[in-house]
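Q: Dropping a structure here in structure tokens format, bear with me for questions.
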Amino acid sequence: MTIPKAGTEWPGGRNVRDLGGRALRGGGHTAFGRVYRSGAPEHLTDAGWAAARAAGVRTVVDLRNAPAETQRTADHPVVAAEALRGLVFVPAPTEDPADAEFLRVCGPYLDHPRSWSDNVRLAPGRVAAALLAVVRADGVVLVHCAGGRDRTGMISAMLLHLAGATEEAIIEDYAAGWRGAGAYSGHGWVYDPDRESWLRQRRGPVDAEQLEREVAARVPALREWVATFDSSALLDSALLDPDDIRAVRALLVP
């Protein structure tokens, strides 16, 4: 069961949620106001950034691949420089879009938890760097990708797993991110394994029944990931400092 928290209505924000309020295996819930997750923040207005800053956000961790996914477009609102003053933006892509082995193995499942274990196996340094970018950040963190469902879902699931969240809490958070992304229309990059190339594709908004079918199709793989994910192996493989390992595990613990 999740404890809801108000205060994530950031004007222009897409798929914005606090990682707090998720049930922990030992009892209690993850801490509010430490990590937020969302879709691309370029949709935030001046008022939206003001709301994020009022929530304590000082660091924005971007999981997207630059420059293809990070350029502003005509549908993004113009934001005053003052709205972003004092914020730190950290690039932390979790995948290498030019890695042939990554594309062969993960390419067909980039929108599916089936890719997560292979993503970690093939790019442990990138995944660990994304986790470190969150835990080493100054102040409250906003972590995002494009839609806020796949890469953000993976990193959020890892943070929850490391904190000791229950299986159902992790699944609930992932499903909420998937549904949240489906509420918006927009363009994104997908990998076509038949053509062996990246394609820009428009998606959404998606009707509720279709979203539930998509979530249901992914839950079995997510349950398997929760049962088999070896957080210690990931953190050790990246040769993290013991203090960083402790900090990652404690980030969401009240």
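Labels used: A, B, ... for chains in the order of the structure tokens, numbers from 1 for residues in each chain, and numbers from 1 for ligands as shown.
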Excluding same-chain residues fewer than 6 positions from Ser197 in chain A, what lies within 10 Å of it counting only C-alpha atoms, as a VMD selection string?

A: chain A and resid 97 to 98 103 107 190 to 191

Q: Keeping N, CA and C atoms for every residue in the selection just given, could you write it to a file as a PDB file, in the first residue's frame?

A:
```
ATOM      1  N   PRO A  97      23.511   3.859 -27.009  1.00  0.00           N
ATOM      2  CA  PRO A  97      22.732   3.603 -28.221  1.00  0.00           C
ATOM      3  C   PRO A  97      23.572   3.157 -29.413  1.00  0.00           C
ATOM      4  N   ALA A  98      24.893   3.166 -29.262  1.00  0.00           N
ATOM      5  CA  ALA A  98      25.766   2.730 -30.360  1.00  0.00           C
ATOM      6  C   ALA A  98      26.388   1.367 -30.093  1.00  0.00           C
ATOM      7  N   LEU A 103      22.241  -3.340 -28.314  1.00  0.00           N
ATOM      8  CA  LEU A 103      21.096  -3.240 -29.212  1.00  0.00           C
ATOM      9  C   LEU A 103      20.571  -4.618 -29.599  1.00  0.00           C
ATOM     10  N   GLY A 107      17.660  -4.208 -27.409  1.00  0.00           N
ATOM     11  CA  GLY A 107      16.907  -3.399 -28.360  1.00  0.00           C
ATOM     12  C   GLY A 107      15.436  -3.751 -28.491  1.00  0.00           C
ATOM     13  N   VAL A 190      12.767   4.766 -30.728  1.00  0.00           N
ATOM     14  CA  VAL A 190      12.671   3.321 -30.502  1.00  0.00           C
ATOM     15  C   VAL A 190      13.661   2.628 -31.425  1.00  0.00           C
ATOM     16  N   TYR A 191      14.134   1.458 -30.990  1.00  0.00           N
ATOM     17  CA  TYR A 191      15.070   0.710 -31.815  1.00  0.00           C
ATOM     18  C   TYR A 191      14.322  -0.377 -32.574  1.00  0.00           C
TER      19      TYR A 191
END
```

Q: Neighbouring residues of Leu222 in chain A were defined as those with any atom within 9 Å, considering only C-alpha atoms; residues of the same chain fewer than 5 positions away were excluded. Please report them as a count of residues only.

A: 7

Q: Determine, counting only C-alpha atoms, which protein, DNA and RNA residues have an atom within 9 Å of an atom of Arg223 in chain A; residues of the same chain fewer than 5 positions away are not included. Present the result as a PyMOL selection string.

A: chain A and resi 167-168+171+218+228

Q: So which bits of range 4-247 of chain A end up helix (DSSP H, G or I) when you DSSP the backbone, as a PyMOL selection string?

A: chain A and resi 41-43+46-54+81-84+100-109+113-122+124-135+151-163+167-182+208-228+231-237+242-247

Q: Give me the residues within 12 Å of Ile245 in chain A as a compact mmCIF listing (two decimals) with all heavy atoms, in the first residue's frame, counting only C-alpha atoms and dropping any in the same chain fewer than 2 places off.

A:
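Saved to result24.txt:
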```txt
# COMPACT_ATOMS: atom_id res chain seq x y z
N ALA A 128 25.34 2.15 -12.51
CA ALA A 128 25.84 2.57 -11.21
C ALA A 128 26.07 4.08 -11.17
O ALA A 128 25.81 4.73 -10.15
CB ALA A 128 27.14 1.83 -10.88
N ALA A 129 26.55 4.65 -12.29
CA ALA A 129 26.77 6.10 -12.34
C ALA A 129 25.46 6.86 -12.19
O ALA A 129 25.42 7.92 -11.56
CB ALA A 129 27.45 6.48 -13.66
N LEU A 131 22.82 5.80 -10.48
CA LEU A 131 22.47 5.71 -9.07
C LEU A 131 23.32 6.67 -8.23
O LEU A 131 22.81 7.34 -7.32
CB LEU A 131 22.66 4.27 -8.57
CG LEU A 131 21.71 3.22 -9.15
CD1 LEU A 131 22.16 1.83 -8.74
CD2 LEU A 131 20.28 3.47 -8.69
N LEU A 132 24.60 6.75 -8.56
CA LEU A 132 25.48 7.65 -7.82
C LEU A 132 25.11 9.11 -8.05
O LEU A 132 25.22 9.93 -7.13
CB LEU A 132 26.94 7.42 -8.24
CG LEU A 132 27.65 6.24 -7.58
CD1 LEU A 132 29.10 6.19 -8.05
CD2 LEU A 132 27.60 6.35 -6.07
N VAL A 135 22.37 9.74 -5.60
CA VAL A 135 22.72 9.74 -4.18
C VAL A 135 23.72 10.82 -3.81
O VAL A 135 23.76 11.29 -2.67
CB VAL A 135 23.24 8.34 -3.76
CG1 VAL A 135 24.67 8.12 -4.21
CG2 VAL A 135 23.11 8.14 -2.26
N ARG A 136 24.56 11.25 -4.76
CA ARG A 136 25.56 12.28 -4.46
C ARG A 136 25.04 13.70 -4.71
O ARG A 136 25.76 14.67 -4.49
CB ARG A 136 26.80 12.05 -5.32
CG ARG A 136 27.64 10.85 -4.91
CD ARG A 136 28.81 10.69 -5.84
NE ARG A 136 29.71 9.62 -5.41
CZ ARG A 136 30.77 9.21 -6.11
NH1 ARG A 136 31.05 9.77 -7.27
NH2 ARG A 136 31.54 8.24 -5.64
N LEU A 159 16.36 1.87 -6.82
CA LEU A 159 16.42 2.65 -5.59
C LEU A 159 15.46 2.09 -4.54
O LEU A 159 15.80 1.99 -3.36
CB LEU A 159 16.08 4.12 -5.88
CG LEU A 159 17.13 4.90 -6.67
CD1 LEU A 159 16.57 6.26 -7.10
CD2 LEU A 159 18.40 5.10 -5.85
N LEU A 162 16.89 -1.30 -3.31
CA LEU A 162 18.01 -1.08 -2.40
C LEU A 162 17.55 -0.59 -1.03
O LEU A 162 18.17 -0.87 -0.01
CB LEU A 162 18.98 -0.07 -3.02
CG LEU A 162 19.82 -0.61 -4.18
CD1 LEU A 162 20.36 0.54 -5.02
CD2 LEU A 162 20.97 -1.46 -3.65
N ALA A 163 16.44 0.15 -1.03
CA ALA A 163 15.90 0.66 0.24
C ALA A 163 15.15 -0.42 1.02
O ALA A 163 14.85 -0.22 2.20
CB ALA A 163 14.96 1.84 -0.04
N SER A 231 21.61 -6.50 -6.03
CA SER A 231 22.06 -5.12 -5.90
C SER A 231 23.51 -5.06 -5.43
O SER A 231 24.28 -4.18 -5.86
CB SER A 231 21.16 -4.37 -4.92
OG SER A 231 21.14 -5.01 -3.66
N SER A 232 23.91 -5.98 -4.58
CA SER A 232 25.29 -5.98 -4.08
C SER A 232 26.27 -6.21 -5.22
O SER A 232 27.33 -5.57 -5.29
CB SER A 232 25.46 -7.06 -3.02
OG SER A 232 24.66 -6.79 -1.88
N ALA A 233 25.94 -7.12 -6.13
CA ALA A 233 26.82 -7.41 -7.25
C ALA A 233 26.97 -6.19 -8.14
O ALA A 233 28.08 -5.89 -8.63
CB ALA A 233 26.29 -8.59 -8.06
N LEU A 234 25.87 -5.47 -8.38
CA LEU A 234 25.95 -4.27 -9.21
C LEU A 234 26.84 -3.22 -8.56
O LEU A 234 27.74 -2.68 -9.20
CB LEU A 234 24.55 -3.68 -9.43
CG LEU A 234 24.51 -2.26 -10.01
CD1 LEU A 234 25.16 -2.21 -11.38
CD2 LEU A 234 23.09 -1.74 -10.07
N LEU A 235 26.61 -2.96 -7.30
CA LEU A 235 27.38 -1.92 -6.62
C LEU A 235 28.85 -2.31 -6.49
O LEU A 235 29.74 -1.48 -6.65
CB LEU A 235 26.76 -1.64 -5.26
CG LEU A 235 25.32 -1.11 -5.30
CD1 LEU A 235 24.76 -0.99 -3.89
CD2 LEU A 235 25.23 0.21 -6.02
N ASP A 236 29.11 -3.59 -6.22
CA ASP A 236 30.49 -4.05 -6.10
C ASP A 236 31.21 -4.03 -7.45
O ASP A 236 32.39 -3.69 -7.53
CB ASP A 236 30.54 -5.45 -5.51
CG ASP A 236 30.13 -5.49 -4.05
OD1 ASP A 236 30.12 -4.41 -3.41
OD2 ASP A 236 29.80 -6.58 -3.55
N SER A 237 30.49 -4.38 -8.52
CA SER A 237 31.11 -4.45 -9.84
C SER A 237 31.56 -3.08 -10.31
O SER A 237 32.50 -2.95 -11.11
CB SER A 237 30.14 -5.04 -10.87
OG SER A 237 29.07 -4.15 -11.14
N ALA A 238 30.89 -2.04 -9.84
CA ALA A 238 31.27 -0.68 -10.23
C ALA A 238 32.36 -0.11 -9.32
O ALA A 238 32.75 1.05 -9.49
CB ALA A 238 30.04 0.22 -10.18
N LEU A 239 32.84 -0.93 -8.38
CA LEU A 239 33.93 -0.54 -7.49
C LEU A 239 33.58 0.73 -6.72
O LEU A 239 34.37 1.66 -6.59
CB LEU A 239 35.23 -0.34 -8.27
CG LEU A 239 35.73 -1.57 -9.05
CD1 LEU A 239 36.99 -1.22 -9.84
CD2 LEU A 239 35.99 -2.74 -8.12
N LEU A 240 32.34 0.76 -6.21
CA LEU A 240 31.90 1.94 -5.47
C LEU A 240 32.55 1.99 -4.10
O LEU A 240 32.83 0.98 -3.48
CB LEU A 240 30.38 1.93 -5.32
CG LEU A 240 29.55 1.92 -6.60
CD1 LEU A 240 28.09 2.14 -6.26
CD2 LEU A 240 30.03 2.98 -7.57
N ASP A 241 32.74 3.19 -3.62
CA ASP A 241 33.24 3.43 -2.29
C ASP A 241 32.19 2.91 -1.28
O ASP A 241 30.99 3.06 -1.50
CB ASP A 241 33.46 4.93 -2.10
CG ASP A 241 34.00 5.26 -0.73
OD1 ASP A 241 33.19 5.32 0.22
OD2 ASP A 241 35.21 5.45 -0.62
N PRO A 242 32.64 2.28 -0.18
CA PRO A 242 31.68 1.77 0.81
C PRO A 242 30.70 2.83 1.31
O PRO A 242 29.53 2.53 1.58
CB PRO A 242 32.57 1.27 1.94
CG PRO A 242 33.85 0.89 1.26
CD PRO A 242 34.02 1.90 0.16
N ASP A 243 31.16 4.07 1.43
CA ASP A 243 30.26 5.14 1.86
C ASP A 243 29.16 5.38 0.84
O ASP A 243 28.01 5.66 1.21
CB ASP A 243 31.04 6.43 2.10
CG ASP A 243 31.91 6.36 3.35
OD1 ASP A 243 31.63 5.52 4.22
OD2 ASP A 243 32.86 7.16 3.44
N ALA A 247 25.16 4.93 1.29
CA ALA A 247 24.29 6.07 0.98
C ALA A 247 23.18 5.70 0.01
O ALA A 247 22.04 6.12 0.15
CB ALA A 247 25.12 7.22 0.42
N VAL A 248 23.52 4.89 -1.01
CA VAL A 248 22.51 4.43 -1.97
C VAL A 248 21.43 3.62 -1.27
O VAL A 248 20.24 3.80 -1.51
CB VAL A 248 23.16 3.62 -3.11
CG1 VAL A 248 22.08 2.98 -3.98
CG2 VAL A 248 24.07 4.49 -3.97
N ARG A 249 21.86 2.74 -0.39
CA ARG A 249 20.89 1.88 0.32
C ARG A 249 20.01 2.69 1.27
O ARG A 249 18.86 2.34 1.50
CB ARG A 249 21.63 0.79 1.08
CG ARG A 249 22.33 -0.23 0.18
CD ARG A 249 22.86 -1.40 0.99
NE ARG A 249 23.56 -2.37 0.16
CZ ARG A 249 22.98 -3.28 -0.60
NH1 ARG A 249 21.66 -3.35 -0.64
NH2 ARG A 249 23.69 -4.12 -1.32
N ALA A 250 20.56 3.77 1.82
CA ALA A 250 19.84 4.52 2.85
C ALA A 250 19.02 5.68 2.28
O ALA A 250 18.23 6.28 3.02
CB ALA A 250 20.84 5.07 3.87
N LEU A 251 19.17 5.97 1.00
CA LEU A 251 18.60 7.20 0.45
C LEU A 251 17.11 7.36 0.72
O LEU A 251 16.64 8.43 1.08
CB LEU A 251 18.87 7.25 -1.07
CG LEU A 251 18.34 8.48 -1.79
CD1 LEU A 251 19.00 9.74 -1.26
CD2 LEU A 251 18.59 8.35 -3.30
```

Q: Using only C-alpha atoms, can you tell me which of A:Arg72, A:Arg203, A:Arg85, A:Arg246 comes closest to His43 in chain A?

A: A:Arg72

Q: Just the residues within 10 Å of Asp46 in chain A, please, counting only C-alpha atoms, with nothing from its chain fewer than 2 positions along; format it as a count of residues only.

A: 18

Q: What lies within 10 Å of Thr152 in chain A using only C-alpha atoms, ignoring chain neighbours under 4 positions off, as a PyMOL selection string?

A: chain A and resi 37-39+61-64+94+143-148+156-158+174+177

Q: Now that the selection is made, can you save its residues with N, CA, C and O atoms as a PDB file, in the first residue's frame?

A:
```pdb
ATOM      1  N   ARG A  37      10.433  11.495  -9.527  1.00  0.00           N
ATOM      2  CA  ARG A  37      10.637  10.926 -10.861  1.00  0.00           C
ATOM      3  C   ARG A  37       9.637  11.553 -11.820  1.00  0.00           C
ATOM      4  O   ARG A  37       8.534  11.949 -11.417  1.00  0.00           O
ATOM      5  N   SER A  38      10.030  11.652 -13.095  1.00  0.00           N
ATOM      6  CA  SER A  38       9.138  12.302 -14.060  1.00  0.00           C
ATOM      7  C   SER A  38       9.528  11.959 -15.477  1.00  0.00           C
ATOM      8  O   SER A  38      10.540  11.292 -15.733  1.00  0.00           O
ATOM      9  N   GLY A  39       8.712  12.467 -16.409  1.00  0.00           N
ATOM     10  CA  GLY A  39       9.082  12.472 -17.810  1.00  0.00           C
ATOM     11  C   GLY A  39       9.970  13.678 -18.085  1.00  0.00           C
ATOM     12  O   GLY A  39      10.381  14.383 -17.160  1.00  0.00           O
ATOM     13  N   VAL A  61      18.665  14.732 -12.631  1.00  0.00           N
ATOM     14  CA  VAL A  61      19.460  13.657 -13.231  1.00  0.00           C
ATOM     15  C   VAL A  61      18.743  13.159 -14.482  1.00  0.00           C
ATOM     16  O   VAL A  61      17.619  12.672 -14.412  1.00  0.00           O
ATOM     17  N   ASP A  62      19.415  13.314 -15.624  1.00  0.00           N
ATOM     18  CA  ASP A  62      18.838  13.030 -16.931  1.00  0.00           C
ATOM     19  C   ASP A  62      19.365  11.698 -17.455  1.00  0.00           C
ATOM     20  O   ASP A  62      20.553  11.552 -17.740  1.00  0.00           O
ATOM     21  N   LEU A  63      18.480  10.703 -17.606  1.00  0.00           N
ATOM     22  CA  LEU A  63      18.862   9.367 -18.046  1.00  0.00           C
ATOM     23  C   LEU A  63      18.835   9.210 -19.565  1.00  0.00           C
ATOM     24  O   LEU A  63      19.146   8.131 -20.076  1.00  0.00           O
ATOM     25  N   ARG A  64      18.509  10.259 -20.282  1.00  0.00           N
ATOM     26  CA  ARG A  64      18.363  10.162 -21.741  1.00  0.00           C
ATOM     27  C   ARG A  64      19.709  10.177 -22.453  1.00  0.00           C
ATOM     28  O   ARG A  64      20.740  10.538 -21.884  1.00  0.00           O
ATOM     29  N   THR A  94      21.744   5.611 -19.116  1.00  0.00           N
ATOM     30  CA  THR A  94      21.879   4.237 -18.642  1.00  0.00           C
ATOM     31  C   THR A  94      22.179   3.252 -19.763  1.00  0.00           C
ATOM     32  O   THR A  94      22.390   2.067 -19.499  1.00  0.00           O
ATOM     33  N   VAL A 143      14.752  12.699 -11.010  1.00  0.00           N
ATOM     34  CA  VAL A 143      15.361  11.800 -11.991  1.00  0.00           C
ATOM     35  C   VAL A 143      14.340  11.537 -13.091  1.00  0.00           C
ATOM     36  O   VAL A 143      13.162  11.310 -12.815  1.00  0.00           O
ATOM     37  N   HIS A 144      14.794  11.575 -14.334  1.00  0.00           N
ATOM     38  CA  HIS A 144      13.850  11.466 -15.442  1.00  0.00           C
ATOM     39  C   HIS A 144      14.508  10.878 -16.687  1.00  0.00           C
ATOM     40  O   HIS A 144      15.733  10.872 -16.826  1.00  0.00           O
ATOM     41  N   CYS A 145      13.662  10.400 -17.587  1.00  0.00           N
ATOM     42  CA  CYS A 145      14.102  10.060 -18.951  1.00  0.00           C
ATOM     43  C   CYS A 145      13.201  10.852 -19.893  1.00  0.00           C
ATOM     44  O   CYS A 145      13.001  12.044 -19.678  1.00  0.00           O
ATOM     45  N   ALA A 146      12.669  10.222 -20.921  1.00  0.00           N
ATOM     46  CA  ALA A 146      11.786  10.946 -21.837  1.00  0.00           C
ATOM     47  C   ALA A 146      10.334  10.882 -21.363  1.00  0.00           C
ATOM     48  O   ALA A 146       9.696  11.905 -21.118  1.00  0.00           O
ATOM     49  N   GLY A 147       9.806   9.654 -21.223  1.00  0.00           N
ATOM     50  CA  GLY A 147       8.423   9.509 -20.776  1.00  0.00           C
ATOM     51  C   GLY A 147       8.290   9.307 -19.283  1.00  0.00           C
ATOM     52  O   GLY A 147       7.206   9.469 -18.725  1.00  0.00           O
ATOM     53  N   GLY A 148       9.393   8.896 -18.628  1.00  0.00           N
ATOM     54  CA  GLY A 148       9.342   8.634 -17.196  1.00  0.00           C
ATOM     55  C   GLY A 148       8.790   7.266 -16.869  1.00  0.00           C
ATOM     56  O   GLY A 148       8.245   7.058 -15.781  1.00  0.00           O
ATOM     57  N   SER A 156      14.293   3.845 -10.647  1.00  0.00           N
ATOM     58  CA  SER A 156      13.414   3.960  -9.483  1.00  0.00           C
ATOM     59  C   SER A 156      13.237   2.609  -8.806  1.00  0.00           C
ATOM     60  O   SER A 156      13.260   2.509  -7.569  1.00  0.00           O
ATOM     61  N   ALA A 157      13.060   1.555  -9.610  1.00  0.00           N
ATOM     62  CA  ALA A 157      12.911   0.216  -9.049  1.00  0.00           C
ATOM     63  C   ALA A 157      14.167  -0.183  -8.286  1.00  0.00           C
ATOM     64  O   ALA A 157      14.092  -0.811  -7.221  1.00  0.00           O
ATOM     65  N   MET A 158      15.332   0.167  -8.816  1.00  0.00           N
ATOM     66  CA  MET A 158      16.585  -0.163  -8.129  1.00  0.00           C
ATOM     67  C   MET A 158      16.703   0.595  -6.816  1.00  0.00           C
ATOM     68  O   MET A 158      17.108   0.024  -5.794  1.00  0.00           O
ATOM     69  N   TYR A 174       6.234   1.060 -10.606  1.00  0.00           N
ATOM     70  CA  TYR A 174       6.477   0.888 -12.044  1.00  0.00           C
ATOM     71  C   TYR A 174       5.177   1.082 -12.836  1.00  0.00           C
ATOM     72  O   TYR A 174       5.158   1.782 -13.854  1.00  0.00           O
ATOM     73  N   GLY A 177       4.166   4.661 -13.131  1.00  0.00           N
ATOM     74  CA  GLY A 177       4.980   5.369 -14.113  1.00  0.00           C
ATOM     75  C   GLY A 177       4.560   5.054 -15.536  1.00  0.00           C
ATOM     76  O   GLY A 177       4.548   5.941 -16.399  1.00  0.00           O
TER      77      GLY A 177
END
```

Q: Give me, please, the distance in Å between CA of Arg179 in chain A and CA of Asp150 in chain A, quoted to one decimal.

A: 11.4 Å

Q: Could you check the closest approach to Arg58 in chain A for each of A:Val141, A:Cys106, A:Leu122, A:Ala183 and tell me which residue wins, using only C-alpha atoms?

A: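 Among the listed residues, the smallest separation from Arg58 in chain A belongs to A:Val141.
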